[in-house]
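Below is the file work-v7.txt, which contains compact mmCIF, C-alpha atoms.
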```
# COMPACT_ATOMS: atom_id res chain seq x y z
CA MET A 1 152.34 109.36 9.44
CA ALA A 2 148.80 109.16 8.17
CA SER A 3 147.95 106.60 10.78
CA GLN A 4 149.29 108.87 13.50
CA LEU A 5 147.22 111.83 12.22
CA SER A 6 144.12 109.71 12.11
CA GLU A 7 144.71 108.60 15.70
CA LYS A 8 145.13 112.20 16.89
CA SER A 9 142.06 113.45 15.03
CA SER A 10 139.77 110.73 16.28
CA PRO A 11 137.21 112.22 18.72
CA VAL A 12 137.50 111.39 22.41
CA PRO A 13 134.23 109.99 23.80
CA PRO A 14 132.70 112.29 26.46
CA THR A 15 132.70 111.26 30.10
CA LEU A 16 129.27 110.19 31.24
CA VAL A 17 128.00 111.60 34.58
CA VAL A 18 125.83 109.02 36.24
CA PRO A 19 123.03 110.65 38.29
CA PRO A 20 122.42 109.36 41.78
CA THR A 21 120.05 106.48 41.75
CA ALA A 22 116.96 106.22 43.86
CA SER A 23 118.73 103.74 46.06
CA SER A 24 121.40 106.31 46.99
CA SER A 25 118.76 108.99 47.80
CA SER A 26 116.76 106.61 49.92
CA SER A 27 119.90 105.56 51.76
CA GLY A 28 120.59 109.22 52.60
CA LEU A 29 117.08 109.73 53.87
CA SER A 30 117.25 106.57 55.94
CA ALA A 31 120.53 107.71 57.44
CA PHE A 32 119.00 111.08 58.37
CA SER A 33 115.91 109.37 59.79
CA SER A 34 118.05 107.10 61.92
CA VAL A 35 119.91 110.12 63.33
CA ALA A 36 116.74 112.20 63.97
CA SER A 37 114.62 109.30 65.17
CA PRO A 38 115.60 109.65 68.87
CA LEU A 39 114.75 113.34 68.82
CA THR A 40 111.38 112.89 67.09
CA ASN A 41 110.46 110.03 69.40
CA ALA A 42 111.41 112.06 72.45
CA TYR A 43 109.36 115.04 71.21
CA ALA A 44 106.35 112.81 70.46
CA LYS A 45 106.52 111.28 73.95
CA PHE A 46 106.83 114.73 75.49
CA SER A 47 103.82 116.03 73.49
CA ASN A 48 101.72 113.01 74.49
CA TRP A 49 102.70 113.52 78.13
CA ARG A 50 101.69 117.21 77.99
CA ALA A 51 98.37 116.31 76.36
CA SER A 52 97.68 113.71 79.05
CA LEU A 53 97.97 116.39 81.74
CA GLY A 54 94.90 118.16 80.39
CA LEU A 55 96.42 121.64 80.82
CA SER A 56 94.50 124.65 79.57
CA ASN A 57 95.69 127.97 78.21
CA PRO A 58 96.68 130.27 81.12
CA GLY A 59 95.68 133.47 79.32
CA THR A 60 97.97 136.30 78.35
CA VAL A 61 100.34 138.27 80.55
CA GLU A 62 98.42 141.44 79.66
CA SER A 63 95.26 139.95 81.23
CA LEU A 64 97.08 138.55 84.26
CA THR A 65 95.29 140.96 86.65
CA LYS A 66 92.22 141.64 84.49
CA GLU A 67 89.71 140.62 87.16
CA VAL A 68 91.36 142.86 89.76
CA LYS A 69 91.33 145.86 87.41
CA GLN A 70 87.63 145.30 86.67
CA THR A 71 86.86 145.24 90.41
CA HIS A 72 89.00 148.18 91.56
CA LEU A 73 88.29 151.81 90.73
CA THR A 74 91.65 152.71 89.22
CA ASN A 75 90.36 152.63 85.63
CA TYR A 76 86.87 153.99 86.44
CA ILE A 77 87.22 156.85 88.95
CA PHE A 78 86.83 160.41 87.67
CA ASP A 79 86.02 163.87 88.99
CA GLY A 80 84.14 166.85 87.61
CA ALA A 81 81.39 166.32 85.04
CA ARG A 82 81.37 164.07 82.01
CA ALA A 83 78.90 162.98 79.35
CA ASP A 84 79.17 160.17 76.78
CA LEU A 85 76.71 160.22 73.90
CA THR A 86 76.80 157.08 71.73
CA LYS A 87 75.06 156.48 68.42
CA GLN A 88 74.85 152.92 67.11
CA LEU A 89 74.79 152.88 63.32
CA SER A 90 75.04 149.15 62.65
CA ALA A 91 74.66 145.91 64.59
CA ASP A 92 76.30 143.34 62.30
CA PRO A 93 79.04 144.36 61.84
CA ALA A 94 78.96 146.60 64.91
CA PHE A 95 79.66 150.26 64.17
CA GLN A 96 79.10 153.17 66.54
CA VAL A 97 80.30 156.72 67.16
CA THR A 98 80.71 158.48 70.51
CA HIS A 99 80.87 162.13 71.62
CA SER A 100 82.58 162.55 75.01
CA PHE A 101 82.59 165.77 77.06
CA ALA A 102 84.51 166.44 80.28
CA LEU A 103 84.82 169.60 82.39
CA ALA A 104 85.41 170.92 85.91
CA SER A 105 88.10 168.35 86.68
CA GLN A 106 90.81 169.16 89.21
CA ASN A 107 93.49 167.41 87.17
CA SER A 108 92.69 168.26 83.54
CA LEU A 109 91.21 171.00 81.39
CA PRO A 110 87.76 170.77 79.77
CA SER A 111 87.91 168.51 76.75
CA TYR A 112 85.91 167.03 73.89
CA ASN A 113 86.60 163.73 72.18
CA PHE A 114 85.04 162.08 69.14
CA GLY A 115 85.44 158.33 68.74
CA ALA A 116 84.33 155.53 66.43
CA VAL A 117 84.38 151.75 66.83
CA PHE A 118 84.01 149.03 64.18
CA VAL A 119 83.85 145.35 65.18
CA ASN A 120 83.32 142.11 63.29
CA PRO A 121 84.32 138.54 64.23
CA LYS A 122 87.91 138.95 62.99
CA LEU A 123 88.57 142.69 63.14
CA PHE A 124 88.41 145.43 65.77
CA MET A 125 89.09 149.06 64.85
CA GLN A 126 88.86 152.06 67.17
CA GLY A 127 89.79 155.67 66.62
CA SER A 128 89.39 158.94 68.46
CA ILE A 129 90.41 162.57 68.12
CA GLY A 130 90.34 165.27 70.79
CA ASP A 131 89.74 169.00 70.70
CA GLU A 132 93.53 169.61 70.78
CA GLY A 133 94.08 167.50 67.67
CA ASN A 134 95.53 164.41 69.39
CA LEU A 135 94.68 161.34 67.30
CA ASN A 136 94.53 157.78 68.66
CA ALA A 137 93.99 154.64 66.59
CA ARG A 138 93.84 150.95 67.42
CA LEU A 139 93.49 147.86 65.23
CA ASN A 140 93.22 144.19 66.28
CA SER A 141 93.23 141.45 63.66
CA GLN A 142 92.29 137.88 64.61
CA TRP A 143 94.11 135.82 61.99
CA SER A 144 93.08 132.51 63.52
CA THR A 145 92.03 131.09 66.85
CA ASN A 146 95.68 131.19 67.95
CA ASN A 147 97.05 134.37 66.36
CA LEU A 148 96.10 137.96 67.18
CA SER A 149 97.97 141.00 65.86
CA LYS A 150 97.53 144.50 67.32
CA ILE A 151 98.59 147.96 66.19
CA GLN A 152 98.23 151.15 68.21
CA ALA A 153 99.22 154.65 67.18
CA GLN A 154 99.08 158.08 68.77
CA LEU A 155 99.74 161.31 66.91
CA ALA A 156 100.25 164.16 69.35
CA ASN A 157 99.47 167.75 68.45
CA SER A 158 99.76 169.36 71.89
CA SER A 159 102.55 169.97 74.37
CA GLY A 160 103.02 167.30 76.99
CA GLN A 161 101.96 164.53 74.60
CA GLN A 162 104.27 162.30 72.57
CA SER A 163 103.56 160.42 69.37
CA MET A 164 103.76 156.68 69.73
CA ALA A 165 103.48 153.52 67.63
CA LEU A 166 103.06 150.03 69.07
CA PHE A 167 103.12 146.70 67.23
CA GLU A 168 102.06 143.59 69.09
CA HIS A 169 101.36 139.92 68.41
CA ASP A 170 99.79 137.23 70.62
CA TYR A 171 100.04 133.49 70.07
CA LEU A 172 97.84 131.26 72.23
CA GLY A 173 99.00 127.65 72.41
CA ARG A 174 97.26 124.72 73.98
CA ASP A 175 98.80 125.29 77.42
CA TYR A 176 100.92 128.43 76.94
CA SER A 177 100.83 131.95 75.52
CA VAL A 178 103.50 134.09 73.85
CA ASN A 179 103.44 137.84 73.34
CA PHE A 180 105.82 140.27 71.66
CA LYS A 181 105.64 144.08 71.60
CA ALA A 182 107.65 146.70 69.75
CA ILE A 183 107.17 150.32 70.87
CA ASN A 184 108.48 153.06 68.57
CA PRO A 185 110.83 150.68 66.73
CA SER A 186 113.36 152.11 64.29
CA LEU A 187 114.79 149.98 61.50
CA ALA A 188 117.51 152.54 60.81
CA ASN A 189 119.37 152.44 64.15
CA GLY A 190 117.51 149.76 66.12
CA THR A 191 116.20 152.14 68.79
CA GLY A 192 112.92 151.53 70.56
CA MET A 193 111.47 149.38 73.30
CA TYR A 194 110.93 145.65 72.81
CA ILE A 195 109.03 143.41 75.24
CA GLY A 196 108.54 139.66 75.06
CA ASN A 197 106.78 137.39 77.52
CA TYR A 198 105.91 133.72 77.91
CA LEU A 199 103.32 132.17 80.25
CA GLN A 200 103.18 128.38 80.69
CA SER A 201 100.70 126.22 82.61
CA VAL A 202 102.49 123.63 84.74
CA SER A 203 99.34 122.20 86.34
CA LYS A 204 95.59 122.68 86.08
CA ASN A 205 95.83 125.54 88.59
CA LEU A 206 99.37 126.90 88.40
CA ALA A 207 101.17 128.86 85.67
CA PHE A 208 104.65 130.40 85.56
CA GLY A 209 105.97 133.03 83.18
CA ILE A 210 108.76 135.44 82.35
CA GLU A 211 108.77 138.87 80.72
CA THR A 212 111.89 140.51 79.29
CA LEU A 213 112.23 144.18 78.35
CA TYR A 214 114.94 145.51 76.06
CA GLN A 215 115.22 149.27 75.57
CA ARG A 216 117.63 151.03 73.23
CA ALA A 217 117.44 154.80 73.42
CA GLY A 218 120.66 155.40 71.47
CA PRO A 219 123.83 153.75 70.18
CA ASP A 220 125.39 153.70 73.67
CA MET A 221 122.21 153.55 75.76
CA GLU A 222 120.85 150.04 76.23
CA GLU A 223 118.94 148.45 79.06
CA MET A 224 117.54 144.97 79.64
CA SER A 225 115.51 143.60 82.54
CA SER A 226 113.34 140.58 83.27
CA SER A 227 110.29 139.99 85.45
CA TYR A 228 108.96 136.69 86.76
CA LEU A 229 105.26 135.87 86.89
CA LEU A 230 103.05 133.46 88.79
CA LYS A 231 99.33 132.76 88.47
CA TYR A 232 97.25 130.37 90.56
CA THR A 233 93.59 129.76 89.74
CA GLY A 234 91.14 128.00 92.03
CA SER A 235 89.65 124.70 90.96
CA GLN A 236 86.20 126.30 90.62
CA LYS A 237 87.61 129.33 88.75
CA ASP A 238 86.16 131.55 91.50
CA TRP A 239 89.46 132.97 92.79
CA ILE A 240 92.80 133.94 91.26
CA ALA A 241 96.10 134.87 92.92
CA THR A 242 98.99 136.42 90.98
CA ALA A 243 102.49 137.64 91.74
CA GLN A 244 105.00 139.57 89.65
CA LEU A 245 108.61 140.03 90.75
CA GLN A 246 110.18 142.97 88.94
CA PRO A 247 113.77 144.28 88.91
CA ALA A 248 115.16 146.48 91.69
CA GLY A 249 113.17 144.69 94.40
CA MET A 250 109.64 145.49 93.19
CA LEU A 251 106.83 143.03 93.92
CA GLN A 252 103.18 143.17 92.86
CA ALA A 253 100.73 140.62 94.26
CA THR A 254 96.97 140.45 93.67
CA TYR A 255 94.05 138.34 94.85
CA TRP A 256 90.56 138.23 93.32
CA HIS A 257 87.59 136.27 94.65
CA LYS A 258 84.07 135.95 93.27
CA LEU A 259 81.93 135.46 96.36
CA SER A 260 78.66 135.12 94.45
CA GLU A 261 77.14 135.91 91.08
CA LYS A 262 76.79 139.56 92.12
CA VAL A 263 79.70 140.19 94.53
CA GLU A 264 83.44 140.29 93.77
CA VAL A 265 86.34 141.38 95.99
CA ALA A 266 89.98 142.07 95.15
CA ALA A 267 93.21 143.00 96.92
CA GLU A 268 96.50 144.32 95.59
CA LEU A 269 99.92 144.78 97.19
CA GLN A 270 102.67 146.88 95.61
CA LEU A 271 106.00 146.57 97.42
CA ILE A 272 109.28 148.37 96.70
CA ALA A 273 112.29 147.11 98.65
CA ALA A 274 115.15 149.00 96.96
CA PRO A 275 118.16 150.28 98.94
CA GLN A 276 117.20 153.92 98.29
CA ARG A 277 113.44 153.45 98.67
CA ARG A 278 111.19 151.24 100.77
CA GLU A 279 107.46 151.58 100.26
CA ALA A 280 104.32 149.43 100.28
CA VAL A 281 100.76 150.22 99.20
CA THR A 282 97.80 147.92 99.78
CA THR A 283 94.45 148.35 98.02
CA LEU A 284 91.17 146.61 98.84
CA GLY A 285 88.10 146.81 96.62
CA ALA A 286 84.66 145.33 96.13
CA LYS A 287 82.16 145.26 93.28
CA TYR A 288 78.40 144.72 93.55
CA ASP A 289 76.33 143.98 90.45
CA LEU A 290 72.66 144.67 91.10
CA ARG A 291 69.73 144.37 88.70
CA MET A 292 70.05 147.87 87.19
CA SER A 293 73.21 149.21 88.80
CA THR A 294 76.86 148.51 89.60
CA PHE A 295 78.57 149.76 92.76
CA ARG A 296 82.34 149.77 93.34
CA ALA A 297 84.12 150.71 96.56
CA GLN A 298 87.85 150.92 97.30
CA VAL A 299 90.18 151.80 100.18
CA ASP A 300 93.99 151.84 100.26
CA SER A 301 96.79 152.30 102.78
CA THR A 302 97.52 155.86 101.63
CA GLY A 303 94.29 157.08 103.23
CA LYS A 304 92.11 157.20 100.10
CA VAL A 305 88.50 156.00 100.17
CA SER A 306 86.58 156.05 96.88
CA ALA A 307 83.29 154.80 95.48
CA LEU A 308 81.49 154.74 92.14
CA LEU A 309 77.82 154.10 91.40
CA GLU A 310 76.57 153.38 87.88
CA GLN A 311 72.77 153.44 87.85
CA LYS A 312 70.85 152.46 84.73
CA PHE A 313 67.38 153.94 84.48
CA ALA A 314 66.92 152.40 81.03
CA PRO A 315 69.02 150.19 78.73
CA THR A 316 70.16 153.33 76.89
CA PHE A 317 70.56 155.75 79.81
CA ALA A 318 72.92 155.53 82.80
CA PHE A 319 73.86 157.96 85.57
CA LEU A 320 77.31 157.93 87.20
CA PHE A 321 78.30 159.30 90.60
CA ALA A 322 81.89 159.09 91.89
CA GLY A 323 83.56 160.31 95.05
CA GLU A 324 87.00 160.13 96.62
CA ILE A 325 88.32 161.30 100.01
CA ASP A 326 92.02 161.55 100.81
CA HIS A 327 92.25 161.58 104.62
CA PHE A 328 95.99 162.19 104.80
CA LYS A 329 95.90 165.19 102.42
CA ASN A 330 92.49 166.41 103.63
CA ALA A 331 91.17 166.57 100.05
CA ALA A 332 88.06 165.33 98.28
CA LYS A 333 86.84 164.85 94.70
CA VAL A 334 83.35 164.41 93.31
CA GLY A 335 82.29 163.44 89.82
CA VAL A 336 78.94 163.12 88.05
CA GLY A 337 78.26 161.82 84.58
CA VAL A 338 75.68 160.48 82.15
CA MET A 339 75.87 157.89 79.39
CA ILE A 340 73.23 158.06 76.66
CA GLU A 341 72.93 155.60 73.79
CA SER A 342 70.74 156.03 70.76
CA THR A 343 70.23 153.90 67.70
CA SER A 344 68.53 154.05 64.34
CA LEU A 345 68.08 150.27 64.25
CA THR A 346 64.78 148.50 64.61
CA PRO A 347 64.17 146.23 67.63
CA GLU A 348 64.51 143.21 65.33
CA GLU A 349 67.92 144.45 64.07
CA MET A 350 69.07 144.91 67.67
CA GLY A 351 68.14 141.30 68.47
CA TYR A 352 64.92 141.93 70.39
CA PRO A 353 61.94 139.64 69.68
CA PRO A 354 59.31 141.16 67.39
CA HIS A 355 56.12 142.52 68.88
CA PRO A 356 53.11 140.23 68.52
```

Rewritten as structure tokens:
Amino acid sequence: MASQLSEKSSPVPPTLVVPPTASSSSSGLSAFSSVASPLTNAYAKFSNWRASLGLSNPGTVESLTKEVKQTHLTNYIFDGARADLTKQLSADPAFQVTHSFALASQNSLPSYNFGAVFVNPKLFMQGSIGDEGNLNARLNSQWSTNNLSKIQAQLANSSGQQSMALFEHDYLGRDYSVNFKAINPSLANGTGMYIGNYLQSVSKNLAFGIETLYQRAGPDMEEMSSSYLLKYTGSQKDWIATAQLQPAGMLQATYWHKLSEKVEVAAELQLIAAPQRREAVTTLGAKYDLRMSTFRAQVDSTGKVSALLEQKFAPTFAFLFAGEIDHFKNAAKVGVGVMIESTSLTPEEMGYPPHP
């Protein structure tokens, strides 16, 4: 009996758990490497092949028609009288404030706007507020040579204006660019407008892209559409042709050509071929850069002829004269303006050579 009790009370040796040895871990890694090796090799060959093509970044979708917009008058034409008074407070970093006045316009009431701009190599900030209390703000942050984040906001205080918030990010690859926008996004119910686009160079001159828009106005109101993009750049970078095919049969095509160092021309075609609506508008424009002035002229198929002259009498003083005639509506607009810049900086701070 005593021997049996002693056998039962004798402690049982614990079970030893042997940790995996280095040989077992290395065998697992080698097995994973053998499985992933074809994929990594294929990706490396594909990357080397893309690098051998010598493709360059095609730019962003937002700047697809930048040269055409800078040549045409759409973003420059005005009527009535306007004055822009700018005060430069700092050169490095750049900081300036602007007072803008506008009156006697056929399309808008007299207005006043105060704006400020701050710029350094990695940050751009701009803000403005009007006489009706509408506030606009913009911030661009250059994280690196490839990443750029943008934020825009508008706080409306008058009827007919809506508050808006926009968040945007650009990534510039070696031969492609990616952009994503979120307009008035809501984390609570997912409403808002979301836009993503991708532009890829396929040769030294040709680039293709796609842009997709997703809009959610409510729980049961969703919409998605895609546009297809094309950009062809001349070998000498002196002409650019673009095309954008949008949903519902809409086509926008542009052509820009730099004839010389001082002369640029541009053409734009907007075509709508929907079952309920068929319409086409063609716009031709030219830009002349002279020694102390810039002249833009434009004509379109709707019967409008417009011109804008910006004459600089001094580096800090410019006079603007704009005119537009609508032959089909028998209407005309005229605009005059001045731009005056002043600074409290010395010539050396502005970058001018010192006087002997």

**OP:** Mind giving me the straight-line distance from atom CA of A:Ser227 to atom CA of A:Leu213 in Å, one decimal?
**Re:**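 One can read the atom CA of A:Ser227 to atom CA of A:Leu213 distance as 8.5 Å.
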
Subject >> Residue list as a count of residues only for point (117.8, 146.9, 79.9), cut-off 10 Å, all atoms listed in the file >> reply: 13

How close does stretch 64-137 of chain A get to stretch 153-175 of chain A? List, as CSV, each residue of stretch 64-137 of chain A within 12 Å, its nearest atom pair and the distance in Å to one decimal, counting only C-alpha atoms.
```
residue,atom,partner,partner_atom,distance
A:Met125,CA,A:Ala153,CA,11.8
A:Gln126,CA,A:Ala153,CA,10.7
A:Gly127,CA,A:Ala153,CA,9.5
A:Ser128,CA,A:Gln154,CA,9.7
A:Ile129,CA,A:Leu155,CA,9.5
A:Gly130,CA,A:Asn157,CA,9.7
A:Asp131,CA,A:Asn157,CA,10.1
A:Glu132,CA,A:Ser158,CA,6.3
A:Gly133,CA,A:Asn157,CA,5.5
A:Asn134,CA,A:Ala156,CA,4.7
A:Leu135,CA,A:Leu155,CA,5.1
A:Asn136,CA,A:Gln154,CA,4.6
A:Ala137,CA,A:Ala153,CA,5.3
```

With C-alpha atoms retained, could you export that selection as a tab-separated table (two decimals), in the coordinates of the input?
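Generated output (out-v9.tsv):
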```
chain	number	residue	atom	x	y	z
A	125	MET	CA	89.09	149.06	64.85
A	126	GLN	CA	88.86	152.06	67.17
A	127	GLY	CA	89.79	155.67	66.62
A	128	SER	CA	89.39	158.94	68.46
A	129	ILE	CA	90.41	162.57	68.12
A	130	GLY	CA	90.34	165.27	70.79
A	131	ASP	CA	89.74	169.00	70.70
A	132	GLU	CA	93.53	169.61	70.78
A	133	GLY	CA	94.08	167.50	67.67
A	134	ASN	CA	95.53	164.41	69.39
A	135	LEU	CA	94.68	161.34	67.30
A	136	ASN	CA	94.53	157.78	68.66
A	137	ALA	CA	93.99	154.64	66.59
```

**OP:** Just the residues within 6 Å of A:Glu341, please, counting all atoms listed in the file, with nothing from its chain fewer than 6 positions along; format it as a list in words.
**Re:** Leu85, Thr86, Lys87 and Thr316 of chain A

Original post:
In Å, with one decimal, what is the gap from atom CA of A:Thr343 to atom CA of A:Phe95?
Top reply: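 Calculated distance between atom CA of A:Thr343 and atom CA of A:Phe95 is 10.7 Å.
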
Subject >> Distance of atom CA of A:Val336 from atom CA of A:Phe319, expressed in Å to one decimal place >> reply: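 So the two atoms, atom CA of A:Phe319 and atom CA of A:Val336, lie 7.7 Å apart.
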
Contacts of stretch 66-79 of chain A at 8 Å or less, counting all atoms listed in the file, minus same-chain residues fewer than 3 places along, as an mmCIF file with C-alpha atoms, in the coordinates of the input?
```cif
data_model
loop_
_atom_site.group_PDB
_atom_site.id
_atom_site.type_symbol
_atom_site.label_atom_id
_atom_site.label_comp_id
_atom_site.auth_asym_id
_atom_site.auth_seq_id
_atom_site.Cartn_x
_atom_site.Cartn_y
_atom_site.Cartn_z
ATOM 1 C CA GLU A 62 98.420 141.440 79.660
ATOM 2 C CA SER A 63 95.260 139.950 81.230
ATOM 3 C CA ALA A 104 85.410 170.920 85.910
ATOM 4 C CA SER A 105 88.100 168.350 86.680
ATOM 5 C CA GLN A 106 90.810 169.160 89.210
ATOM 6 C CA THR A 254 96.970 140.450 93.670
ATOM 7 C CA TYR A 255 94.050 138.340 94.850
ATOM 8 C CA TRP A 256 90.560 138.230 93.320
ATOM 9 C CA GLU A 264 83.440 140.290 93.770
ATOM 10 C CA VAL A 265 86.340 141.380 95.990
ATOM 11 C CA ALA A 266 89.980 142.070 95.150
ATOM 12 C CA ALA A 267 93.210 143.000 96.920
ATOM 13 C CA GLU A 268 96.500 144.320 95.590
ATOM 14 C CA LEU A 284 91.170 146.610 98.840
ATOM 15 C CA GLY A 285 88.100 146.810 96.620
ATOM 16 C CA ALA A 286 84.660 145.330 96.130
ATOM 17 C CA LYS A 287 82.160 145.260 93.280
ATOM 18 C CA ARG A 296 82.340 149.770 93.340
ATOM 19 C CA ALA A 297 84.120 150.710 96.560
ATOM 20 C CA GLN A 298 87.850 150.920 97.300
ATOM 21 C CA SER A 306 86.580 156.050 96.880
ATOM 22 C CA ALA A 307 83.290 154.800 95.480
ATOM 23 C CA LEU A 308 81.490 154.740 92.140
ATOM 24 C CA ALA A 322 81.890 159.090 91.890
ATOM 25 C CA GLY A 323 83.560 160.310 95.050
ATOM 26 C CA LYS A 333 86.840 164.850 94.700
ATOM 27 C CA VAL A 334 83.350 164.410 93.310
ATOM 28 C CA GLY A 335 82.290 163.440 89.820
ATOM 29 C CA VAL A 336 78.940 163.120 88.050
#
```

**OP:** Mind listing whatever residues come within 8 Å of the point (119.0, 156.4, 67.4)? Use only C-alpha atoms, file coordinates, and give them as a VMD selection string.
**Re:** chain A and resid 186 188 to 191 217 to 219

Could you put an axis-aligned box around every listed atom of stretch 263-269 of chain A, padded by 6 Å on each side, and send me its centre and edge lengths in Å to one decimal, as lines of an AutoDock Vina configuration file?
```
center_x = 89.8
center_y = 142.5
center_z = 95.5
size_x = 32.2
size_y = 16.6
size_z = 15.4
```

Subject >> Shortest interatomic distance to A:Phe101 - which of A:Ala42, A:Val338, A:Ala83, A:Leu139, counting all atoms listed in the file >> reply: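 Ranking A:Ala42, A:Val338, A:Ala83, A:Leu139 by distance to A:Phe101, first place goes to A:Ala83.
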